[in-house]
Every structure is written in C-alpha cells, then in structure tokens.
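Participant: Structure supplied as run-v9.pdb; contents: PDB, C-alpha atoms.
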```pdb
ATOM      1  CA  MET M 241     -11.027   3.127 -19.132
ATOM      2  CA  LYS M 242     -14.576   3.922 -20.226
ATOM      3  CA  ASN M 243     -17.075   1.482 -18.796
ATOM      4  CA  LEU M 244     -20.724   0.811 -18.063
ATOM      5  CA  VAL M 245     -20.299  -0.001 -14.385
ATOM      6  CA  ARG M 246     -22.168   3.072 -13.146
ATOM      7  CA  ALA M 247     -25.029   2.625 -15.607
ATOM      8  CA  LEU M 248     -25.432  -1.081 -14.826
ATOM      9  CA  ARG M 249     -25.171  -0.498 -11.095
ATOM     10  CA  ILE M 250     -27.831   2.207 -11.129
ATOM     11  CA  GLU M 251     -30.021   0.061 -13.368
ATOM     12  CA  LYS M 252     -29.822  -2.651 -10.734
ATOM     13  CA  GLY M 253     -30.554  -0.156  -7.937
ATOM     14  CA  LEU M 254     -27.293  -0.725  -6.100
ATOM     15  CA  ALA M 255     -25.191   1.718  -4.119
ATOM     16  CA  GLN M 256     -21.448   1.786  -4.733
ATOM     17  CA  GLY M 257     -20.875   0.284  -1.298
ATOM     18  CA  GLU M 258     -23.250  -2.597  -2.010
ATOM     19  CA  LEU M 259     -21.538  -3.399  -5.295
ATOM     20  CA  GLY M 260     -18.154  -3.131  -3.596
ATOM     21  CA  GLU M 261     -19.344  -5.492  -0.871
ATOM     22  CA  ALA M 262     -20.514  -7.987  -3.472
ATOM     23  CA  MET M 263     -17.202  -7.777  -5.320
ATOM     24  CA  GLY M 264     -15.041  -7.860  -2.211
ATOM     25  CA  VAL M 265     -13.565  -4.412  -2.827
ATOM     26  CA  SER M 266     -14.076  -1.016  -1.244
ATOM     27  CA  ARG M 267     -16.703   1.556  -2.203
ATOM     28  CA  GLN M 268     -13.852   3.852  -3.226
ATOM     29  CA  THR M 269     -12.562   1.262  -5.690
ATOM     30  CA  ILE M 270     -15.977   1.055  -7.367
ATOM     31  CA  ASN M 271     -16.071   4.858  -7.470
ATOM     32  CA  SER M 272     -12.586   4.979  -9.032
ATOM     33  CA  ILE M 273     -13.580   2.448 -11.695
ATOM     34  CA  GLU M 274     -16.761   4.365 -12.523
ATOM     35  CA  ASN M 275     -14.813   7.603 -12.827
ATOM     36  CA  GLU M 276     -12.163   5.943 -15.033
ATOM     37  CA  ARG M 277      -9.388   6.615 -12.540
ATOM     38  CA  TYR M 278      -8.675   2.949 -11.907
ATOM     39  CA  THR M 279      -8.571   0.041 -14.341
ATOM     40  CA  PRO M 280      -9.610  -3.121 -12.515
ATOM     41  CA  SER M 281      -7.619  -6.326 -12.603
ATOM     42  CA  LEU M 282      -8.763  -9.078 -14.946
ATOM     43  CA  PRO M 283     -10.351 -11.103 -12.088
ATOM     44  CA  LEU M 284     -12.341  -8.064 -10.915
ATOM     45  CA  ALA M 285     -13.358  -7.130 -14.471
ATOM     46  CA  LEU M 286     -14.552 -10.696 -15.043
ATOM     47  CA  ALA M 287     -16.401 -10.710 -11.721
ATOM     48  CA  LEU M 288     -18.134  -7.415 -12.528
ATOM     49  CA  ALA M 289     -19.135  -8.605 -15.993
ATOM     50  CA  ARG M 290     -20.407 -11.915 -14.621
ATOM     51  CA  TYR M 291     -22.300 -10.113 -11.871
ATOM     52  CA  PHE M 292     -24.166  -7.910 -14.347
ATOM     53  CA  GLY M 293     -24.578 -10.676 -16.928
ATOM     54  CA  VAL M 294     -22.631  -8.976 -19.691
ATOM     55  CA  THR M 295     -19.298  -9.662 -21.358
ATOM     56  CA  VAL M 296     -16.124  -7.840 -20.360
ATOM     57  CA  GLU M 297     -16.000  -6.282 -23.824
ATOM     58  CA  GLU M 298     -19.508  -4.926 -23.365
ATOM     59  CA  MET M 299     -18.673  -3.520 -19.973
ATOM     60  CA  PHE M 300     -15.251  -2.012 -20.703
ATOM     61  CA  ASP M 301     -14.258   0.016 -23.728
ATOM     62  CA  ASP M 302     -10.523   0.320 -24.260
ATOM     63  CA  GLN M 303     -10.933   2.193 -27.538
ATOM     64  CA  GLY M 304     -13.030   5.057 -26.261
TER      65      GLY M 304
ATOM     66  CA  MET V 297     -26.300 -11.846  -3.638
ATOM     67  CA  THR V 298     -23.246 -13.176  -5.465
ATOM     68  CA  ARG V 299     -20.130 -12.441  -3.510
ATOM     69  CA  VAL V 300     -16.623 -12.648  -4.868
ATOM     70  CA  ASN V 301     -13.337 -11.578  -3.375
ATOM     71  CA  CYS V 302     -10.936  -9.570  -5.471
ATOM     72  CA  GLY V 303      -7.935  -9.087  -3.270
ATOM     73  CA  ARG V 304      -9.594  -7.838  -0.127
ATOM     74  CA  ARG V 305      -7.631  -8.593   2.970
ATOM     75  CA  GLY V 306      -9.248 -10.020   6.032
ATOM     76  CA  SER V 307      -9.797  -7.985   9.184
ATOM     77  CA  GLY V 308      -7.273 -10.101  11.069
ATOM     78  CA  SER V 309      -4.439  -7.788  10.125
ATOM     79  CA  ARG V 310      -6.042  -4.719  11.743
ATOM     80  CA  TRP V 311      -3.640  -4.786  14.681
ATOM     81  CA  LEU V 312      -0.543  -5.748  12.734
ATOM     82  CA  LEU V 313       0.762  -2.236  12.077
ATOM     83  CA  PRO V 314      -0.019  -0.910  15.598
ATOM     84  CA  ALA V 315       1.679  -3.985  17.067
ATOM     85  CA  GLY V 316       4.638  -3.452  14.747
ATOM     86  CA  CYS V 317       4.861   0.172  15.897
ATOM     87  CA  VAL V 318       4.947  -0.868  19.561
ATOM     88  CA  PHE V 319       7.502  -3.586  18.778
ATOM     89  CA  PHE V 320       9.736  -1.105  16.945
ATOM     90  CA  GLY V 321       9.303   1.398  19.784
ATOM     91  CA  CYS V 322      10.471  -1.285  22.242
ATOM     92  CA  ALA V 323      13.466  -1.979  19.978
ATOM     93  CA  VAL V 324      14.330   1.737  20.045
ATOM     94  CA  LEU V 325      13.985   1.735  23.833
ATOM     95  CA  LEU V 326      16.255  -1.312  24.102
ATOM     96  CA  ALA V 327      18.831   0.256  21.770
ATOM     97  CA  GLY V 328      18.687   3.497  23.758
ATOM     98  CA  TRP V 329      19.137   1.603  27.016
ATOM     99  CA  LEU V 330      22.104  -0.340  25.628
ATOM    100  CA  GLY V 331      23.629   2.878  24.281
ATOM    101  CA  HIS V 332      23.098   4.772  27.563
ATOM    102  CA  GLN V 333      20.540   7.042  25.877
ATOM    103  CA  LEU V 334      17.485   6.013  27.825
ATOM    104  CA  ALA V 335      15.702   9.337  27.240
ATOM    105  CA  THR V 336      16.051   8.968  23.459
ATOM    106  CA  GLY V 337      14.796   5.388  23.690
ATOM    107  CA  LEU V 338      11.803   6.424  25.772
ATOM    108  CA  ILE V 339      10.928   9.203  23.340
ATOM    109  CA  GLY V 340      11.151   6.688  20.501
ATOM    110  CA  LEU V 341       8.840   4.285  22.291
ATOM    111  CA  VAL V 342       6.308   6.999  23.117
ATOM    112  CA  VAL V 343       6.303   8.324  19.535
ATOM    113  CA  MET V 344       5.968   4.878  17.959
ATOM    114  CA  ALA V 345       3.364   3.647  20.444
ATOM    115  CA  GLY V 346       1.418   6.899  19.984
ATOM    116  CA  PHE V 347       1.446   6.479  16.222
ATOM    117  CA  GLY V 348       0.375   2.854  16.588
ATOM    118  CA  LEU V 349      -2.468   3.836  18.909
ATOM    119  CA  PHE V 350      -3.580   6.548  16.501
ATOM    120  CA  ILE V 351      -3.624   4.111  13.578
ATOM    121  CA  ALA V 352      -5.485   1.511  15.650
ATOM    122  CA  LEU V 353      -8.180   3.849  16.924
ATOM    123  CA  ALA V 354      -8.485   6.317  14.042
ATOM    124  CA  GLY V 355     -11.641   6.513  11.983
ATOM    125  CA  ARG V 356     -12.784   4.620   8.950
ATOM    126  CA  SER V 357     -11.103   6.664   6.227
ATOM    127  CA  GLU V 358      -9.754   4.575   3.369
ATOM    128  CA  THR V 359      -6.210   5.827   3.974
ATOM    129  CA  ILE V 360      -6.235   4.806   7.644
ATOM    130  CA  ARG V 361      -7.844   1.430   6.943
ATOM    131  CA  GLY V 362      -5.390   0.855   4.108
ATOM    132  CA  LEU V 363      -2.413   1.704   6.304
ATOM    133  CA  ARG V 364      -3.829  -0.494   9.033
ATOM    134  CA  GLY V 365      -4.425  -3.324   6.594
ATOM    135  CA  ASP V 366      -8.083  -4.069   7.307
ATOM    136  CA  GLY V 367      -9.557  -2.249   4.334
ATOM    137  CA  ARG V 368      -7.297  -3.276   1.535
ATOM    138  CA  ASP V 369      -8.303  -4.505  -1.859
ATOM    139  CA  GLU V 370      -6.521  -4.783  -5.192
ATOM    140  CA  ARG V 371      -6.600  -1.015  -5.785
ATOM    141  CA  PHE V 372      -5.059  -0.261  -2.418
ATOM    142  CA  ALA V 373      -2.446  -2.976  -3.032
ATOM    143  CA  GLN V 374      -1.489  -1.084  -6.179
ATOM    144  CA  ILE V 375      -1.411   2.202  -4.250
ATOM    145  CA  ASP V 376       0.775   0.527  -1.617
ATOM    146  CA  LEU V 377       3.150  -0.763  -4.300
ATOM    147  CA  ARG V 378       3.501   2.670  -5.887
ATOM    148  CA  ALA V 379       3.929   4.373  -2.524
ATOM    149  CA  THR V 380       6.624   1.858  -1.578
ATOM    150  CA  ALA V 381       8.428   2.445  -4.880
ATOM    151  CA  ALA V 382       8.208   6.227  -4.397
ATOM    152  CA  THR V 383       9.552   5.899  -0.860
ATOM    153  CA  GLY V 384      12.426   3.761  -2.135
ATOM    154  CA  MET V 385      13.255   6.356  -4.789
ATOM    155  CA  VAL V 386      13.292   9.163  -2.217
ATOM    156  CA  LEU V 387      15.591   7.126   0.049
ATOM    157  CA  ILE V 388      17.962   6.197  -2.792
ATOM    158  CA  VAL V 389      18.203   9.809  -3.973
ATOM    159  CA  ALA V 390      18.824  10.935  -0.369
ATOM    160  CA  VAL V 391      21.579   8.322   0.048
ATOM    161  CA  ILE V 392      23.243   9.351  -3.234
ATOM    162  CA  VAL V 393      23.105  13.053  -2.319
ATOM    163  CA  ALA V 394      24.464  12.341   1.168
ATOM    164  CA  PHE V 395      27.244  10.205  -0.362
ATOM    165  CA  LEU V 396      28.241  13.014  -2.730
ATOM    166  CA  VAL V 397      28.216  15.571   0.114
ATOM    167  CA  GLU V 398      30.420  13.300   2.243
ATOM    168  CA  ILE V 399      32.877  12.835  -0.630
ATOM    169  CA  ALA V 400      32.938  16.597  -1.285
ATOM    170  CA  ARG V 401      33.763  17.154   2.396
ATOM    171  CA  GLY V 402      36.805  14.948   2.047
ATOM    172  CA  HIS V 403      35.329  11.951   3.882
ATOM    173  CA  ASP V 404      35.168   8.374   2.596
ATOM    174  CA  GLY V 405      31.402   8.507   2.020
ATOM    175  CA  SER V 406      30.623   5.989   4.737
ATOM    176  CA  PRO V 407      27.997   4.764   5.559
ATOM    177  CA  TYR V 408      26.285   6.027   2.422
ATOM    178  CA  THR V 409      28.641   4.049   0.165
ATOM    179  CA  TRP V 410      27.429   0.678   1.354
ATOM    180  CA  LEU V 411      23.835   1.856   1.739
ATOM    181  CA  GLY V 412      23.834   2.912  -1.931
ATOM    182  CA  ALA V 413      25.528  -0.346  -2.933
ATOM    183  CA  LEU V 414      22.965  -2.328  -0.942
ATOM    184  CA  ALA V 415      20.114  -0.477  -2.677
ATOM    185  CA  GLY V 416      21.617  -1.144  -6.105
ATOM    186  CA  VAL V 417      22.226  -4.834  -5.422
ATOM    187  CA  ALA V 418      18.768  -5.262  -3.892
ATOM    188  CA  TYR V 419      17.130  -3.670  -6.936
ATOM    189  CA  VAL V 420      19.025  -5.796  -9.448
ATOM    190  CA  ALA V 421      18.369  -8.951  -7.391
ATOM    191  CA  ALA V 422      14.662  -8.127  -7.141
ATOM    192  CA  VAL V 423      14.384  -7.507 -10.891
ATOM    193  CA  ALA V 424      16.184 -10.772 -11.655
ATOM    194  CA  PHE V 425      14.060 -12.747  -9.192
ATOM    195  CA  LEU V 426      10.745 -11.272 -10.323
ATOM    196  CA  ARG V 427      11.643 -11.786 -13.991
ATOM    197  CA  TRP V 428      12.597 -15.408 -13.255
ATOM    198  CA  ARG V 429       9.361 -15.981 -11.344
ATOM    199  CA  GLY V 430       7.439 -14.657 -14.310
TER     200      GLY V 430
END
```
Go ahead and express the file in the form of structure tokens.

Facilitator:
Amino acid sequence: MKNLVRALRIEKGLAQGELGEAMGVSRQTINSIENERYTPSLPLALALARYFGVTVEEMFDDQG
Amino acid sequence: MTRVNCGRRGSGSRWLLPAGCVFFGCAVLLAGWLGHQLATGLIGLVVMAGFGLFIALAGRSETIRGLRGDGRDERFAQIDLRATAATGMVLIVAVIVAFLVEIARGHDGSPYTWLGALAGVAYVAAVAFLRWRG
C-alpha cells in the first residue's frame, strides 16, 4: 500500500532502525512498509500515524 | 521518544527453540535406547543439539532471530503463520501421495490413512474453533 512513511521518517531525520525501535518492530518491517511489500496491522498503522502527527488516511493510500 | 509495542516479542524466548531442539534430541536418544538403536538415537541427539547450538549462537539476521523468537514482530508473526501453513500443505500432500502409493502397491495404506484423517479432522476442527472464536 502506498504510504508516506519514508517521507515522514526522513523529514524527521530518523533511520529505519530508530523508527522501528520507537514502534516496537524491526528495521526490516519498516523497510517493508516503506517499499509497499507489507501492509501494517491497524494498531501499527495507528501508532505510526500518531507518531508523525498525521491521520491514517493521510499516511496510507489504499486507492493509489 | 514515544515508544509503542506492535507485537514484538520479548528477548526471554531466545533460548526456547535451542532448548526445544536439545529436548527433542534427548527424546530421540531415549527412543533409540528403548528400541535398541542407540547409534541412531545418538545421531539424532547430535544433529538436534547441533542445530539448536547453531540457532542460539548464529548472527543477528532477521531469519535467525525470527526462528529463535527474540526478534519477532507482527510482520514476522505473519511470515511464521504463512510458513506454517505452507509446511502443513507440503506434509498433507506428501501423506496423500504416500497413501495412494501404498494402496497401489496392494497395502492397506497404513499409517498414511490415519495420518491423512487426522490432518483433515484437525483442519476442520481448527476452522470451526477459529470461526466460533471470531
């Protein structure tokens, strides 16, 4: 699923590992989400959106 | 920094798989000893303990940590679920093929008959239980 995770992470100056650490998931999981290979669970999507201060709809695009 | 936890397992389970390997190896040794096949039992123990040691001491790759259990998160749980399902499918197909070969050879299909039946019953029971649980 298309998403803004990479853009928001870079904007915040975070490495994938740091974001993964903050979310309680692995660096590889963040990488998979950014590369649209893995669709996160609802709790993780909500946590990511909350972390970056955006809505889930703004962060993930299921129509793209 | 805000910290949440989305399905990551604790590091306490790091030794679970290696310990399970050693335990299973000991069970193979015991079975071999009871069946007067001590050499087979010893080989089983060495192989299982070796695999357990490898898993315990291997590097920090995601696959190893996932197998070991200390690097799991929700994505790896999904990978584990799919891998388990794939393994089950391979086993069921192998049992069915073996059953058919046994029948074609003029045998009664044992033990593949009851292994196949067990797989079928287990699947239906699991579907019913999981559907009931929601």

Participant: Within 7 Å of chain V, which residues of chain M show up when using all atoms listed in the file, listed as a list in words?

Facilitator: Ala262, Met263, Gly264, Val265, Ser266, Thr269, Pro283 and Leu284 of chain M

Participant: Expand the PyMOL selection byres ((chain V and resi 415) around 12) into the explicit residue set it covers here, and present it as a PDB file with C-alpha atoms, in the frame of the given file.

Facilitator:
```pdb
ATOM      1  CA  GLY V 384      12.426   3.761  -2.135  1.00  0.00           C
ATOM      2  CA  MET V 385      13.255   6.356  -4.789  1.00  0.00           C
ATOM      3  CA  VAL V 386      13.292   9.163  -2.217  1.00  0.00           C
ATOM      4  CA  LEU V 387      15.591   7.126   0.049  1.00  0.00           C
ATOM      5  CA  ILE V 388      17.962   6.197  -2.792  1.00  0.00           C
ATOM      6  CA  VAL V 389      18.203   9.809  -3.973  1.00  0.00           C
ATOM      7  CA  ALA V 390      18.824  10.935  -0.369  1.00  0.00           C
ATOM      8  CA  VAL V 391      21.579   8.322   0.048  1.00  0.00           C
ATOM      9  CA  ILE V 392      23.243   9.351  -3.234  1.00  0.00           C
ATOM     10  CA  TYR V 408      26.285   6.027   2.422  1.00  0.00           C
ATOM     11  CA  THR V 409      28.641   4.049   0.165  1.00  0.00           C
ATOM     12  CA  TRP V 410      27.429   0.678   1.354  1.00  0.00           C
ATOM     13  CA  LEU V 411      23.835   1.856   1.739  1.00  0.00           C
ATOM     14  CA  GLY V 412      23.834   2.912  -1.931  1.00  0.00           C
ATOM     15  CA  ALA V 413      25.528  -0.346  -2.933  1.00  0.00           C
ATOM     16  CA  LEU V 414      22.965  -2.328  -0.942  1.00  0.00           C
ATOM     17  CA  GLY V 416      21.617  -1.144  -6.105  1.00  0.00           C
ATOM     18  CA  VAL V 417      22.226  -4.834  -5.422  1.00  0.00           C
ATOM     19  CA  ALA V 418      18.768  -5.262  -3.892  1.00  0.00           C
ATOM     20  CA  TYR V 419      17.130  -3.670  -6.936  1.00  0.00           C
ATOM     21  CA  VAL V 420      19.025  -5.796  -9.448  1.00  0.00           C
ATOM     22  CA  ALA V 421      18.369  -8.951  -7.391  1.00  0.00           C
ATOM     23  CA  ALA V 422      14.662  -8.127  -7.141  1.00  0.00           C
TER      24      ALA V 422
END
```

Participant: Just so the selection is clear, what residues does the PyMOL selection byres ((chain M and resi 293-299) around 12) cover here, as an MDAnalysis selection string?

Facilitator: (chainID M and resid 241:249 252 273:274 280:292 300:304) or (chainID V and resid 298)

Participant: Listed atoms of region 281-299 of chain M, axis-aligned box, 5 Å per side: centre and edge lengths to one decimal in Å, as AutoDock Vina command-line options?

Facilitator:
```
--center_x -16.1 --center_y -7.7 --center_z -17.4 --size_x 27.0 --size_y 18.4 --size_z 22.9
```

Participant: Rank nothing, just name the residue among V:Val318, V:Leu426, V:Ala394, V:Ile375 nearest to Tyr278 (chain M), using all atoms listed in the file.

Facilitator: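 Counting all atoms listed in the file, the residue closest to Tyr278 (chain M) is V:Ile375.
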
Participant: Since I can't run it myself right now, could you work out what the PyMOL selection byres ((chain V and resi 324) around 12) selects here and report it as a list in words?

Facilitator: Cys317, Val318, Phe319, Phe320, Gly321, Cys322, Ala323, Leu325, Leu326, Ala327, Gly328, Trp329, Leu330, Gly331, His332, Gln333, Leu334, Ala335, Thr336, Gly337, Leu338, Ile339, Gly340, Leu341, Val342, Val343, Met344 and Ala345 of chain V

Participant: Find the residue from V:Arg310, V:His403, V:Val397, V:Gln374 that sits nearest to Ala354 (chain V); use all atoms listed in the file when measuring.

Facilitator: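 The answer is V:Arg310, which sits nearest to Ala354 (chain V).
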
Participant: As an exercise, work out the distance from CA of Leu312 (chain V) to CA of Arg378 (chain V) in Å and give it to one decimal place.

Facilitator: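 These two atoms are separated by 20.8 Å.
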
Participant: Can you work out the spacing between CA of Gly362 (chain V) and CA of Asn275 (chain M) in Å, to one decimal?

Facilitator: 20.5 Å

Participant: To one decimal place in Å, what is the distance between CA of Asp366 (chain V) and CA of Val423 (chain V)?

Facilitator: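 Spanning CA of Asp366 (chain V) to CA of Val423 (chain V) is a straight-line distance of 29.1 Å.
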
Participant: Would you please take chain M of the structure in the block above and write C-alpha atoms to a file as a compact mmCIF listing (two decimals), in the first residue's frame?

Facilitator:
```txt
# COMPACT_ATOMS: atom_id res chain seq x y z
CA MET M 241 0.00 0.00 0.00
CA LYS M 242 1.32 3.43 -0.95
CA ASN M 243 2.30 5.46 2.08
CA LEU M 244 4.23 8.45 3.35
CA VAL M 245 6.25 6.61 5.97
CA ARG M 246 9.59 7.09 4.22
CA ALA M 247 8.97 10.77 3.51
CA LEU M 248 7.84 11.50 7.08
CA ARG M 249 10.68 9.50 8.57
CA ILE M 250 13.30 11.31 6.51
CA GLU M 251 11.66 14.64 7.30
CA LYS M 252 12.07 13.82 10.97
CA GLY M 253 15.69 12.73 10.45
CA LEU M 254 15.16 9.18 11.63
CA ALA M 255 16.81 5.98 10.47
CA GLN M 256 14.62 2.97 9.76
CA GLY M 257 16.04 1.23 12.82
CA GLU M 258 15.20 4.19 15.06
CA LEU M 259 11.62 4.31 13.82
CA GLY M 260 11.36 0.55 14.22
CA GLU M 261 12.68 0.84 17.76
CA ALA M 262 10.11 3.51 18.56
CA MET M 263 7.31 1.39 17.10
CA GLY M 264 8.46 -1.86 18.66
CA VAL M 265 9.06 -3.56 15.31
CA SER M 266 12.16 -4.48 13.36
CA ARG M 267 14.04 -2.26 10.91
CA GLN M 268 13.11 -4.75 8.19
CA THR M 269 9.41 -4.27 8.93
CA ILE M 270 9.74 -0.50 8.49
CA ASN M 271 11.64 -1.12 5.25
CA SER M 272 8.92 -3.49 4.01
CA ILE M 273 6.20 -0.94 4.79
CA GLU M 274 8.11 1.83 3.01
CA ASN M 275 8.60 -0.37 -0.04
CA GLU M 276 4.91 -1.38 -0.06
CA ARG M 277 5.71 -5.05 0.48
CA TYR M 278 3.96 -5.23 3.84
CA THR M 279 0.69 -3.67 4.96
CA PRO M 280 0.89 -2.96 8.68
CA SER M 281 -1.76 -4.03 11.15
CA LEU M 282 -4.29 -1.45 12.29
CA PRO M 283 -2.51 -0.93 15.67
CA LEU M 284 0.83 -0.31 13.92
CA ALA M 285 -0.76 1.97 11.31
CA LEU M 286 -2.41 3.97 14.09
CA ALA M 287 0.85 4.11 16.05
CA LEU M 288 2.77 5.34 13.00
CA ALA M 289 0.17 7.99 12.22
CA ARG M 290 0.07 9.14 15.84
CA TYR M 291 3.86 9.22 15.97
CA PHE M 292 4.10 11.52 12.95
CA GLY M 293 1.05 13.57 13.92
CA VAL M 294 -1.00 12.76 10.84
CA THR M 295 -4.14 10.73 10.24
CA VAL M 296 -4.01 7.15 8.97
CA GLU M 297 -5.76 8.28 5.79
CA GLU M 298 -3.07 10.87 5.20
CA MET M 299 -0.32 8.36 5.78
CA PHE M 300 -1.72 5.40 3.83
CA ASP M 301 -3.33 5.48 0.41
CA ASP M 302 -5.34 2.39 -0.45
CA GLN M 303 -6.54 3.84 -3.75
CA GLY M 304 -3.17 4.54 -5.28
```
